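Structure first, then comments.
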Amino acid sequence: MLARPSAALSLVLLAVGSVALATGTPGRAQAEPQRTVLVQPPQAAAPETARPLVRTAMPRRALARLPRLAGLIAQGQAVRIVAFGSSSTEGSGASSAATTYPAQLQRDLTARLDAMGAAHSAVTVLNRGKGGDDSEAMARRLERDVLADKPDLVIWQTGSNDPMSGVSVERFTELTRAGILAMRATGADVVLMDQQWCKKLSTTDGAEAYGAALHAIATELNVPVIRRNALMRAWAAQGLLTPTQMIGPDGLHMTDAGYDRLARAATAQLLANAGLPPDAGSQN
């Protein structure tokens with residue numbers, strides 16, 4: 001297992017990272033051209049209705065390596081993941097705790113690694129979602145609910161509640177950047193997850209600005225993003241799920257079917273981010 005810095009050293013690293021960002025010392029990642037990968041939708045029950053291969057564009061940034069995750073998989077070490085976020089992570093709209101995206105991610109990632117013959121002790125995904133949380137609320141519990149768990153990887157779903165709770169885009173940006181630096185200072189890899197595609201956010205003034213801010217931070221800090229909004233639009237366009245099959249009657253929270261698709265897409269991206277063969281991460 002890779003050594004982790006102490007809490008005091010983490011704070012020093014965070015401060016150094018903040019100063020470096022302010023002074024522009026490190027080279028910031030530039031937006032890169034899109035990379036096209038093949039995505040094979042699930043086969044229909046009858047052979048005659050099988051769908052052809054569908055090409056889905058995945059930004060090259062989304063394929064950025066996750067060095068800690070890659071190292072643990074290569075060494076056959078246990079992997080601890082914290083799923084951090086709001087109601088989408090907690091599982092509002094799911095029929096049970098077992099059908100939330102973090103629970104399904106743990107099962108899917110374990111199964112995929114087993115199928116690939118990867119030697120690993122265990123994959124644990126801790127659900128640290130809390131319904132209604134915006135970036136201010138998540139910042140207050142970052143130490144207790146994320147850093148204290150000493151994760152190898154954090155998947156941070158954020159930006160959905162801020163436009164509804166009144167947190168400014170500037171404050172959201174500040175807190176998200178600081179949170180990423182604090183997580184990385186412990187040695188953890190970080191992946192962001194953007195907003196869901198839903199009626200509630202589509203009719204909330206300015207909501208899209210928070211999604212744009214999240215992607216701008218990801219580009220600045222070279223953080224992979226699970227592009228949930230684009231994925232959901234693609235599922236609908238490909239006829240895999242209708243909007244009402246993905247989002248429940250409240251117009252905001254995902255359903256079991258939506259969380260299932262999200263977990264599979266997250267599994268595929270994490271494996272691609274860890275540098276495993278393309279066919280290990282081709283399903284969404």
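Chain labels follow the order of the structure tokens: the first chain is A, the next B, and so on; residue numbering restarts at 1 in every chain, and ligands are counted from 1 in their shown order.
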| All alpha helix (DSSP H) positions in range 48-232 of chain A, as a PyMOL selection string | chain A and resi 67-75+87-90+101-115+135-140+142-145+162-165+169-185+199-202+207-221+228-232
Can you write out as CSV which residues of range 162-201 of chain A fall within 8 Å of range 131-138 of chain A, alongside each residue's closest atom pair and its distance in Å to one decimal, counting only C-alpha atoms and ordering rows by chain and ascending residue number?
residue,atom,partner,partner_atom,distance
A:Asp162,CA,A:Asp134,CA,5.0
A:Ser165,CA,A:Asp134,CA,7.1
A:Val167,CA,A:Asp134,CA,7.6
A:Phe172,CA,A:Ser135,CA,6.0
A:Leu175,CA,A:Ser135,CA,6.5
A:Thr176,CA,A:Ser135,CA,7.1
| query | If you count only C-alpha atoms, which residues fall within 8 Å of Lys199 in chain A, apart from same-chain ones fewer than 3 positions away, as a PyMOL selection string? | reply | chain A and resi 202-203+251-252
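Straight-line separation from CA of Gln269 in chain A to CA of Glu143 in chain A: 26.2 Å.
Taking CA of Met246 in chain A and CA of Asp108 in chain A as the two end points, the separation is 18.8 Å.
Those residues that approach Gly211 in chain A to within 7 Å, counting only C-alpha atoms, are Gly159, Asp194 and Gln195 of chain A; same-chain residues fewer than 5 positions away are not listed.
When the distance limit is 12 Å and only C-alpha atoms are what count, the residues near Leu69 in chain A, minus those fewer than 5 positions from it on the same chain, are A:Met1, A:Leu2, A:Ala64, A:Ala74, A:Gln75, A:Gly76, A:Gln77, A:Ala78, A:Val79, A:Arg80, A:Ile81, A:His120, A:Val123, A:Pro151, A:Asp152, A:Leu153, A:Val154, A:Gly187, A:Ala188, A:Asp189, A:Val190, A:Val191, A:Leu270, A:Leu271, A:Ala272, A:Asn273, A:Ala274, A:Gly275, A:Leu276.
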Given the selection you just returned, output its residues as a file containing C-alpha atoms, formatted as a PDB file, in the first residue's frame.
ATOM      1  CA  MET A   1       0.000   0.000   0.000  1.00  0.00           C
ATOM      2  CA  LEU A   2       1.341   3.416  -0.845  1.00  0.00           C
ATOM      3  CA  ALA A  64      -6.558  10.826 -17.686  1.00  0.00           C
ATOM      4  CA  ALA A  74      -1.465  -3.748 -10.621  1.00  0.00           C
ATOM      5  CA  GLN A  75      -0.232  -4.778  -7.154  1.00  0.00           C
ATOM      6  CA  GLY A  76      -3.372  -6.752  -6.287  1.00  0.00           C
ATOM      7  CA  GLN A  77      -4.093  -4.465  -3.344  1.00  0.00           C
ATOM      8  CA  ALA A  78      -7.480  -3.660  -1.829  1.00  0.00           C
ATOM      9  CA  VAL A  79      -9.141  -0.515  -3.193  1.00  0.00           C
ATOM     10  CA  ARG A  80     -11.129   1.883  -1.001  1.00  0.00           C
ATOM     11  CA  ILE A  81     -13.388   4.351  -2.807  1.00  0.00           C
ATOM     12  CA  HIS A 120      -7.204  -7.949  -5.804  1.00  0.00           C
ATOM     13  CA  VAL A 123     -13.130  -3.243  -3.664  1.00  0.00           C
ATOM     14  CA  PRO A 151      -9.690   6.683   0.470  1.00  0.00           C
ATOM     15  CA  ASP A 152      -7.612   5.639  -2.508  1.00  0.00           C
ATOM     16  CA  LEU A 153     -10.114   7.305  -4.820  1.00  0.00           C
ATOM     17  CA  VAL A 154     -12.862   9.883  -4.305  1.00  0.00           C
ATOM     18  CA  GLY A 187      -2.546  10.814  -1.922  1.00  0.00           C
ATOM     19  CA  ALA A 188      -6.039   9.985  -3.174  1.00  0.00           C
ATOM     20  CA  ASP A 189      -7.088  10.089  -6.800  1.00  0.00           C
ATOM     21  CA  VAL A 190     -10.111  12.295  -7.570  1.00  0.00           C
ATOM     22  CA  VAL A 191     -12.877  12.000 -10.163  1.00  0.00           C
ATOM     23  CA  LEU A 270     -12.481   4.168 -13.827  1.00  0.00           C
ATOM     24  CA  LEU A 271     -10.912   1.200 -15.582  1.00  0.00           C
ATOM     25  CA  ALA A 272     -10.047   3.352 -18.592  1.00  0.00           C
ATOM     26  CA  ASN A 273      -8.639   6.041 -16.280  1.00  0.00           C
ATOM     27  CA  ALA A 274      -6.495   3.370 -14.616  1.00  0.00           C
ATOM     28  CA  GLY A 275      -4.941   2.544 -17.991  1.00  0.00           C
ATOM     29  CA  LEU A 276      -6.527  -0.872 -18.436  1.00  0.00           C
TER      30      LEU A 276
END
| Just how far from CA of Ser88 in chain A is CA of Ala268 in chain A, in Å to one decimal? | 18.9 Å
| task | Determine the nearest neighbour of Thr267 in chain A from the options A:Pro102, A:Gly91, A:Pro163, A:Gly71, counting only C-alpha atoms. | result | A:Pro102
| Neighbour list for Trp197 in chain A as a ChimeraX atom specification, cut-off 9 Å, only C-alpha atoms, skip fewer than 2 positions in-chain | /A:195,199-202,228-233,243,247,252
